[in-house]
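Okay, input30.pdb is below, PDB, C-alpha atoms:
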```
ATOM      1  CA  MET S   1     149.255  36.534 147.193
ATOM      2  CA  ALA S   2     146.623  38.548 148.905
ATOM      3  CA  GLY S   3     147.321  42.235 149.032
ATOM      4  CA  ALA S   4     150.254  42.001 146.647
ATOM      5  CA  LYS S   5     150.579  44.979 144.361
ATOM      6  CA  GLU S   6     150.744  44.130 140.675
ATOM      7  CA  VAL S   7     153.709  45.529 138.813
ATOM      8  CA  GLN S   8     152.401  47.197 135.689
ATOM      9  CA  SER S   9     155.461  48.984 134.412
ATOM     10  CA  VAL S  10     159.173  49.122 134.938
ATOM     11  CA  HIS S  11     160.842  52.242 136.250
ATOM     12  CA  PRO S  12     162.687  54.097 133.438
ATOM     13  CA  PHE S  13     165.975  54.079 135.368
ATOM     14  CA  THR S  14     165.735  50.307 135.816
ATOM     15  CA  ARG S  15     165.050  49.888 132.112
ATOM     16  CA  TRP S  16     168.062  52.087 131.276
ATOM     17  CA  VAL S  17     170.363  50.114 133.617
ATOM     18  CA  ALA S  18     169.141  46.829 132.097
ATOM     19  CA  GLY S  19     169.793  48.280 128.642
ATOM     20  CA  LEU S  20     173.475  48.807 129.469
ATOM     21  CA  SER S  21     174.069  45.088 128.989
ATOM     22  CA  SER S  22     171.835  44.819 125.926
ATOM     23  CA  PRO S  23     173.375  44.145 122.505
ATOM     24  CA  MET S  24     174.904  47.266 121.000
ATOM     25  CA  SER S  25     173.691  48.489 117.620
ATOM     26  CA  LEU S  26     176.050  47.905 114.703
ATOM     27  CA  THR S  27     176.548  51.657 114.263
ATOM     28  CA  ASP S  28     177.501  52.039 117.928
ATOM     29  CA  GLN S  29     179.824  49.014 117.669
ATOM     30  CA  ARG S  30     181.675  50.618 114.764
ATOM     31  CA  ALA S  31     181.907  53.945 116.604
ATOM     32  CA  ALA S  32     183.189  52.275 119.789
ATOM     33  CA  ALA S  33     185.758  50.233 117.845
ATOM     34  CA  THR S  34     187.020  53.377 116.114
ATOM     35  CA  ARG S  35     187.266  55.318 119.365
ATOM     36  CA  ILE S  36     189.029  52.462 121.162
ATOM     37  CA  SER S  37     191.514  52.158 118.285
ATOM     38  CA  HIS S  38     192.253  55.883 118.364
ATOM     39  CA  LEU S  39     192.634  55.852 122.148
ATOM     40  CA  MET S  40     194.989  52.858 122.097
ATOM     41  CA  LEU S  41     197.149  54.118 119.236
ATOM     42  CA  THR S  42     197.450  57.570 120.787
ATOM     43  CA  THR S  43     198.226  56.101 124.203
ATOM     44  CA  VAL S  44     200.890  53.752 122.845
ATOM     45  CA  PHE S  45     202.565  56.532 120.859
ATOM     46  CA  VAL S  46     202.513  59.152 123.612
ATOM     47  CA  ALA S  47     203.480  56.694 126.365
ATOM     48  CA  THR S  48     206.346  55.253 124.315
ATOM     49  CA  VAL S  49     207.762  58.702 123.558
ATOM     50  CA  PHE S  50     207.288  59.794 127.170
ATOM     51  CA  GLY S  51     208.826  56.561 128.470
ATOM     52  CA  TYR S  52     211.807  56.999 126.152
ATOM     53  CA  PHE S  53     212.560  60.510 127.396
ATOM     54  CA  VAL S  54     211.961  59.630 131.040
ATOM     55  CA  GLY S  55     213.944  56.414 130.667
ATOM     56  CA  ASN S  56     211.247  54.156 132.103
ATOM     57  CA  VAL S  57     209.721  51.564 129.779
ATOM     58  CA  HIS S  58     207.107  50.607 132.362
ATOM     59  CA  THR S  59     205.377  53.912 131.696
ATOM     60  CA  ALA S  60     204.116  52.637 128.339
ATOM     61  CA  PHE S  61     202.814  49.406 129.871
ATOM     62  CA  PHE S  62     200.908  51.149 132.663
ATOM     63  CA  ALA S  63     199.530  53.780 130.278
ATOM     64  CA  VAL S  64     198.169  51.090 127.946
ATOM     65  CA  ALA S  65     196.692  49.207 130.920
ATOM     66  CA  ALA S  66     195.004  52.416 132.092
ATOM     67  CA  ALA S  67     193.685  53.051 128.567
ATOM     68  CA  CYS S  68     192.244  49.517 128.521
ATOM     69  CA  GLY S  69     190.460  50.221 131.794
ATOM     70  CA  VAL S  70     189.132  53.545 130.569
ATOM     71  CA  SER S  71     187.903  52.080 127.280
ATOM     72  CA  LEU S  72     186.212  49.204 129.127
ATOM     73  CA  ILE S  73     184.323  51.639 131.359
ATOM     74  CA  VAL S  74     183.552  54.204 128.664
ATOM     75  CA  TRP S  75     182.666  51.952 125.724
ATOM     76  CA  GLY S  76     181.909  48.584 127.320
ATOM     77  CA  PRO S  77     178.324  49.262 128.393
ATOM     78  CA  ASN S  78     175.710  50.141 125.813
ATOM     79  CA  TRP S  79     175.355  53.773 126.956
ATOM     80  CA  TYR S  80     173.568  55.033 123.842
ATOM     81  CA  GLN S  81     171.071  52.182 123.428
ATOM     82  CA  ASN S  82     170.222  53.228 119.876
ATOM     83  CA  GLU S  83     167.866  51.238 117.683
ATOM     84  CA  ASP S  84     169.587  49.422 114.854
ATOM     85  CA  PRO S  85     167.822  49.339 111.471
ATOM     86  CA  ASP S  86     170.582  47.086 110.057
ATOM     87  CA  GLN S  87     169.992  44.382 112.638
ATOM     88  CA  ARG S  88     167.475  41.744 111.635
ATOM     89  CA  TRP S  89     165.976  39.019 113.757
ATOM     90  CA  CYS S  90     165.231  35.594 112.328
ATOM     91  CA  ASP S  91     162.533  33.148 113.199
ATOM     92  CA  GLU S  92     163.933  30.209 115.179
ATOM     93  CA  ASN S  93     162.324  27.733 112.776
ATOM     94  CA  GLU S  94     164.125  29.318 109.811
ATOM     95  CA  VAL S  95     167.455  29.136 111.610
ATOM     96  CA  LYS S  96     166.865  25.503 112.606
ATOM     97  CA  LYS S  97     165.885  24.613 109.035
ATOM     98  CA  TYR S  98     169.032  26.309 107.716
ATOM     99  CA  TYR S  99     171.322  24.313 109.993
ATOM    100  CA  GLU S 100     169.488  21.052 109.267
ATOM    101  CA  THR S 101     169.926  21.649 105.527
ATOM    102  CA  LEU S 102     173.572  22.585 106.054
ATOM    103  CA  GLU S 103     174.205  19.403 108.056
ATOM    104  CA  GLN S 104     172.478  17.298 105.397
ATOM    105  CA  LEU S 105     174.594  18.824 102.618
ATOM    106  CA  ARG S 106     177.778  18.292 104.643
ATOM    107  CA  ASP S 107     176.874  14.649 105.238
ATOM    108  CA  GLU S 108     176.174  14.143 101.524
ATOM    109  CA  ALA S 109     179.475  15.764 100.544
ATOM    110  CA  LYS S 110     181.352  13.699 103.122
ATOM    111  CA  GLN S 111     179.737  10.486 101.867
ATOM    112  CA  LYS S 112     180.556  11.406  98.260
ATOM    113  CA  ILE S 113     184.221  11.939  99.157
ATOM    114  CA  ILE S 114     184.339   8.626 101.023
ATOM    115  CA  ASP S 115     182.729   6.779  98.092
ATOM    116  CA  GLU S 116     185.174   8.315  95.600
ATOM    117  CA  PHE S 117     188.129   7.423  97.820
ATOM    118  CA  GLU S 118     186.933   3.831  98.208
ATOM    119  CA  SER S 119     186.319   3.445  94.457
ATOM    120  CA  LYS S 120     189.844   4.710  93.693
ATOM    121  CA  GLY S 121     191.254   2.262  96.231
ATOM    122  CA  GLU S 122     189.435  -0.635  94.562
ATOM    123  CA  LYS S 123     190.726   0.377  91.114
ATOM    124  CA  LYS S 124     194.314   0.339  92.376
ATOM    125  CA  ARG S 125     193.857  -3.150  93.853
ATOM    126  CA  ASN S 126     192.614  -4.566  90.545
TER     127      ASN S 126
END
```

With the file now loaded, output its structure as structure tokens.
Amino acid sequence: MAGAKEVQSVHPFTRWVAGLSSPMSLTDQRAAATRISHLMLTTVFVATVFGYFVGNVHTAFFAVAAACGVSLIVWGPNWYQNEDPDQRWCDENEVKKYYETLEQLRDEAKQKIIDEFESKGEKKRN
């Protein structure tokens, strides 16, 4: 296109927003899981006790639903976007080779089981 301006870089805010849906580092996943567990356990305990004294069991249900919503907003997106040294990326050819080898070994094991079953069946007939 004539007169079209070439895009050379992405705005940092756009990159940050796109990073919110990027895979979370393993460290951040563990931290989010721990925080969600603490939030849920605390909410269930407090809401159950409060619901008991108020005499309304629906209080616990709505409190847990609200905690689910809060945890989804707070820990759902990848806010921190930290690098993960534990995460390793594999070459696609290595992964393909692994699954081809796995499939071959499964087929061989399956055929061996079928052959053994058929040979036992023939021995019983004789």

Fill in: Within-9 Å shell of (171.5, 49.4, 130.3) in input frame, all atoms listed in the file, as a PyMOL selection string
chain S and resi 13-22+77-81

Worksheet item: Restricting the calculation to all atoms listed in the file, which member of S:Ser9, S:Val46, S:Ile73, S:Asp84 is positioned closest to Asp28 (chain S)?
Response: S:Asp84

Expected axis-aligned box over every listed atom of region 52-56 of chain S, 4 Å added per side, centre plus edges in Å to one decimal, as lines of an AutoDock Vina configuration file:
```
center_x = 212.6
center_y = 57.3
center_z = 129.1
size_x = 10.7
size_y = 14.4
size_z = 14.0
```

Discussion item. Considering all atoms listed in the file, can you say which of S:Leu26, S:Val64, S:Val95, S:Ala31 comes closest to Val44 (chain S)?
Written reply: S:Val64

Item to complete: In Å, rounded to a single decimal, give me how far CA of Ser119 (chain S) is from CA of Asp107 (chain S).
Response: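 Between CA of Asp107 (chain S) and CA of Ser119 (chain S) the gap works out to 18.2 Å.
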
Item to complete: Give me the residues within 10 Å of Cys68 (chain S) as number ranges by chain, counting all atoms listed in the file and dropping any in the same chain fewer than 5 places off.
Response: S: 36, 39-40, 43, 62-63, 73-74

Discussion item. Running the PyMOL selection byres ((chain S and resi 60) around 12) on this model by hand, what would come out? Give it as a list in words.
Written reply: Met40, Leu41, Thr42, Thr43, Val44, Phe45, Val46, Ala47, Thr48, Val49, Phe50, Gly51, Tyr52, Phe53, Val54, Gly55, Asn56, Val57, His58, Thr59, Phe61, Phe62, Ala63, Val64, Ala65, Ala66 and Ala67 of chain S
